[in-house]
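Asker: Have a look at this one before I ask anything.
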Amino acid sequence: EGNLNIICKYVGANADLLGYVLRVKKNTHTEALKGNCGLTEEKYRSLFREALLPYPKLLSFFPEEIECEPSVDFLKGLEKVVDPKRPKERKDKSNIDMVKPYGILMTNYHALTHLPEMEGHTYTIEIKPKCGKYEKTPTAIRTMLKTNEELIKENPTVYYNIIGDKVLDFDVKQVQKLKDKPGEYFSNYNPMHMFSRDKKLVVEALKNLRACPQVNLRMHRDGVKTNVLSDDLLETVAEIVVDTKVMDYILEVQKNTEKSIEEAYATHYKICTDMSEGAARKIIECVLPKCLLYGSTWKPANPEEEHWMEVLKYLLSMSARDCSVMITFRASKHIVDPTHKLGHNERVISSKGRNYIVKVGVIDFDIKLIDKMEFYYNERIKSLTDYIKFFSQQQQAKQYY
C-alpha cells in the first residue's frame, strides 16, 4: 500500500492473470491530483508517458499495464479482504475509491515464468536507489550559512559540502527521519555507489541498505518477507544491477536537466503569475511531449514554452528520484533451454558459474505534480534547514560520522 494506491497480488487459478498484480486507487488520489492547470489525471499520466519516449531503454523495464474499471461490487469485496491487513493509520485516512473506480493490471515482478531447469529459492529484492546526482544549494540556505558560525566551527566538512553543492538529498532526508522518528538509525547508504557501474561499490551500497533498510530495501524469499540475505546473494544482485544497466537508465532521466529546485520553482512562479490556467494547460499539452520527445532539436516557439520546458524537465527528473527497482531471480540447474519462452522483462544472467532466471523492472515511477512546485521547494528548504541545525550541534552529530 502506498499513499495513493493499494496493490494486490492475484492468487487464483486463471493463467491469464497469474503474472499480474492489480493496482486500485484510494480516495486520497483525486484530492492529491487536483489542479495541474486543469488537466485530468489520465491526461497528465499519458503526457508523462509520452515524455519518457526519448528513453526507450528505461521504458523497456516498465511494467506492462492494462487499464481497467473494476465494478463497485468487486471493490467492496476486495476491501473486505485487504482492510484487516491495513495499518490503522492508513485506514483512518483513506479507503478504496468507490466513486470513480479505476484499476491497472501490472506485471507482477515477484513472479517468474516456471521452467523445469529451476532450482532453489526465488528471491525478490526491491530497491529505492534514490537520487544519484548533486543539486545546487538554494540561495536561502547559502544566506543562512553565512551567519551560522556553529556549523563552520563544529563541522567544517558539512559546511563546505553545502556551499560546494556536494550534499546528497538522501543524507538530508536521513536527518528528517531522525527528527520525525526519534530512535531511527542513520543509514550509511550512498546512492552514488548504487549508480556507479562498479560492482564493488554496488555491493557496498547493498550491504549498507541491508544494515539499515528503512523503506529503501525490501527482501523476499519465495514470496515471504525476510531480513536475511547473504553476501553471496548480494553479489549476485550487484551483478544483475551492473549487467542490466537499469540504474544507468534511471540516472539518465535524473540528469535530463541541470536546473535546481530553486530555479524550477522561480520559473514556475513567474509563468503561473503571468498566465491563466487555460493558457497554461494548452502550452503544457503542447510542450510536454514535444520538448522531451525531441530534446535539444526542438526549439520552443516562445519564452512561455521555454519556461514550461524547464519546469517539466525538472518534474520528470524528480519522478526518476523516487522510483523503485524490482529484481527477482532464481538459479537454474544448467543452461536454459532456448526454446522456453521467457516472460515480460525476464532474461538469463550468469553469476559465479551459475545461471539465473532474472526479472528486472522499474516501478512507482509516479508523476510529480505541477501545482505542487511550491510545496517541493519549501520542503527542500525545510529539510536543508533541519540538516544544518543537526550538524551544528557537535555532541548530537558526532555519533553519525
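Chain labels follow the order of the C-alpha cells: the first chain is A, the next B, and so on; residue numbering restarts at 1 in every chain, and ligands are counted from 1 in their shown order.
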When DSSP is applied to the backbone of this structure, which of stretch 106-244 of chain A are assigned strand (DSSP E)? Write them out as a ChimeraX atom specification.
Answerer: /A:106-107,118-127,217-221,224-225
Asker: Now that the selection is made, can you save its residues with C-alpha atoms as a compact mmCIF listing (two decimals), in the first residue's frame?
Answerer:
```txt
# COMPACT_ATOMS: atom_id res chain seq x y z
CA MET A 106 0.50 -4.60 -13.97
CA THR A 107 3.38 -7.04 -14.36
CA MET A 118 14.91 -24.03 -11.93
CA GLU A 119 16.23 -25.00 -8.50
CA GLY A 120 16.49 -23.49 -5.03
CA HIS A 121 14.62 -20.43 -3.77
CA THR A 122 13.15 -17.45 -5.59
CA TYR A 123 14.48 -14.15 -4.25
CA THR A 124 12.92 -10.74 -4.80
CA ILE A 125 14.71 -7.50 -3.92
CA GLU A 126 13.04 -4.08 -4.08
CA ILE A 127 15.50 -1.19 -4.08
CA LEU A 217 15.24 -2.16 0.67
CA ARG A 218 12.70 -4.96 0.87
CA MET A 219 13.69 -8.61 0.57
CA HIS A 220 11.52 -11.69 -0.04
CA ARG A 221 12.33 -15.38 -0.30
CA VAL A 224 7.82 -14.34 2.21
CA LYS A 225 9.45 -11.21 3.64
```
Asker: List the neighbours of A:Val237 out to 9 Å using only C-alpha atoms; skip same-chain residues closer than 5 positions along the sequence, and give me the result as a PyMOL selection string.
Answerer: chain A and resi 125+202-203+206+232+242+327+329
Asker: Export, as a CSV table (one decimal), in the first residue's frame, the selected residues with N, CA and C atoms.
Answerer:
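Saved file result_0.csv follows:
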```csv
chain,number,residue,atom,x,y,z
A,125,ILE,N,14.1,-8.7,-4.6
A,125,ILE,CA,14.7,-7.5,-3.9
A,125,ILE,C,14.1,-6.2,-4.5
A,202,VAL,N,28.6,-1.1,-5.7
A,202,VAL,CA,27.2,-1.5,-5.7
A,202,VAL,C,26.9,-2.5,-4.5
A,203,VAL,N,27.9,-3.5,-4.4
A,203,VAL,CA,27.8,-4.4,-3.2
A,203,VAL,C,27.8,-3.7,-1.9
A,206,LEU,N,24.5,-2.0,-1.3
A,206,LEU,CA,23.5,-3.0,-0.9
A,206,LEU,C,23.7,-3.5,0.6
A,232,ASP,N,26.9,-13.5,-0.6
A,232,ASP,CA,26.9,-14.1,-2.0
A,232,ASP,C,25.7,-13.7,-2.8
A,242,VAL,N,24.5,-4.2,-12.4
A,242,VAL,CA,25.5,-3.7,-13.4
A,242,VAL,C,25.3,-4.3,-14.8
A,327,ILE,N,13.9,-6.7,-8.5
A,327,ILE,CA,14.8,-7.7,-9.0
A,327,ILE,C,14.4,-9.0,-8.5
A,329,PHE,N,15.0,-13.3,-8.9
A,329,PHE,CA,15.9,-14.2,-9.6
A,329,PHE,C,15.8,-15.6,-8.9
```
Asker: At a cut-off of 12 Å, using only C-alpha atoms, what residues contact A:Gln214? Leave out same-chain residues fewer than 5 positions from it and give the result as a list in words.
Answerer: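 Selected residues are Glu126, Ile127, Lys128, Lys173, Gln174, Lys177, Leu178, Lys181, Glu184, Tyr185, Phe186, Ser187, Asn188, Tyr189, Asn208, Leu209, Met219 and Asn227 of chain A.
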Asker: For a quick check of understanding, using only C-alpha atoms, which of A:Glu235, A:Glu154, A:Glu304, A:Glu89 has the smallest distance to A:Leu201?
Answerer: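 Using only C-alpha atoms, A:Leu201 sits closest to A:Glu235.
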Asker: Counting only C-alpha atoms, which residues in stretch 148-181 of chain A sit no more than 12 Å from stretch 373-380 of chain A? For each one, give the nearest pair of atoms and the distance in Å, sorted by chain then residue number, as JSON lines.
Answerer:
```
{"residue": "A:Leu168", "atom": "CA", "partner": "A:Arg380", "partner_atom": "CA", "distance": 11.9}
{"residue": "A:Asp169", "atom": "CA", "partner": "A:Arg380", "partner_atom": "CA", "distance": 8.9}
{"residue": "A:Phe170", "atom": "CA", "partner": "A:Arg380", "partner_atom": "CA", "distance": 11.6}
{"residue": "A:Val172", "atom": "CA", "partner": "A:Arg380", "partner_atom": "CA", "distance": 9.1}
{"residue": "A:Lys173", "atom": "CA", "partner": "A:Arg380", "partner_atom": "CA", "distance": 9.4}
{"residue": "A:Gln176", "atom": "CA", "partner": "A:Glu379", "partner_atom": "CA", "distance": 10.6}
```
Asker: Using only C-alpha atoms, pick whichever of A:Lys199, A:Arg354, A:Arg330, A:Lys372 has the shortest atom-to-atom distance to A:Ala264.
Answerer: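 Once distances to A:Ala264 are computed over only C-alpha atoms, the minimum belongs to A:Lys372.
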Asker: Excluding same-chain residues fewer than 4 positions from A:Asp243, what lies within 9 Å of it counting only C-alpha atoms, as a PyMOL selection string?
Answerer: chain A and resi 197+238-239+349
Asker: What does the file look like for those residues with N, CA and C atoms, as a short mmCIF file (atom, residue, chain, number, x, y, z; two decimals), in the first residue's frame?
Answerer:
```
data_model
loop_
_atom_site.label_atom_id
_atom_site.label_comp_id
_atom_site.auth_asym_id
_atom_site.auth_seq_id
_atom_site.Cartn_x
_atom_site.Cartn_y
_atom_site.Cartn_z
N ARG A 197 28.12 1.87 -11.52
CA ARG A 197 28.52 0.85 -12.51
C ARG A 197 29.69 0.00 -12.02
N ALA A 238 24.19 -7.41 -7.23
CA ALA A 238 25.05 -6.37 -7.77
C ALA A 238 25.40 -6.66 -9.23
N GLU A 239 25.67 -7.93 -9.54
CA GLU A 239 25.97 -8.29 -10.93
C GLU A 239 24.77 -8.04 -11.83
N ILE A 349 20.99 -14.61 -16.73
CA ILE A 349 22.26 -13.97 -16.38
C ILE A 349 23.13 -15.00 -15.65
#
```
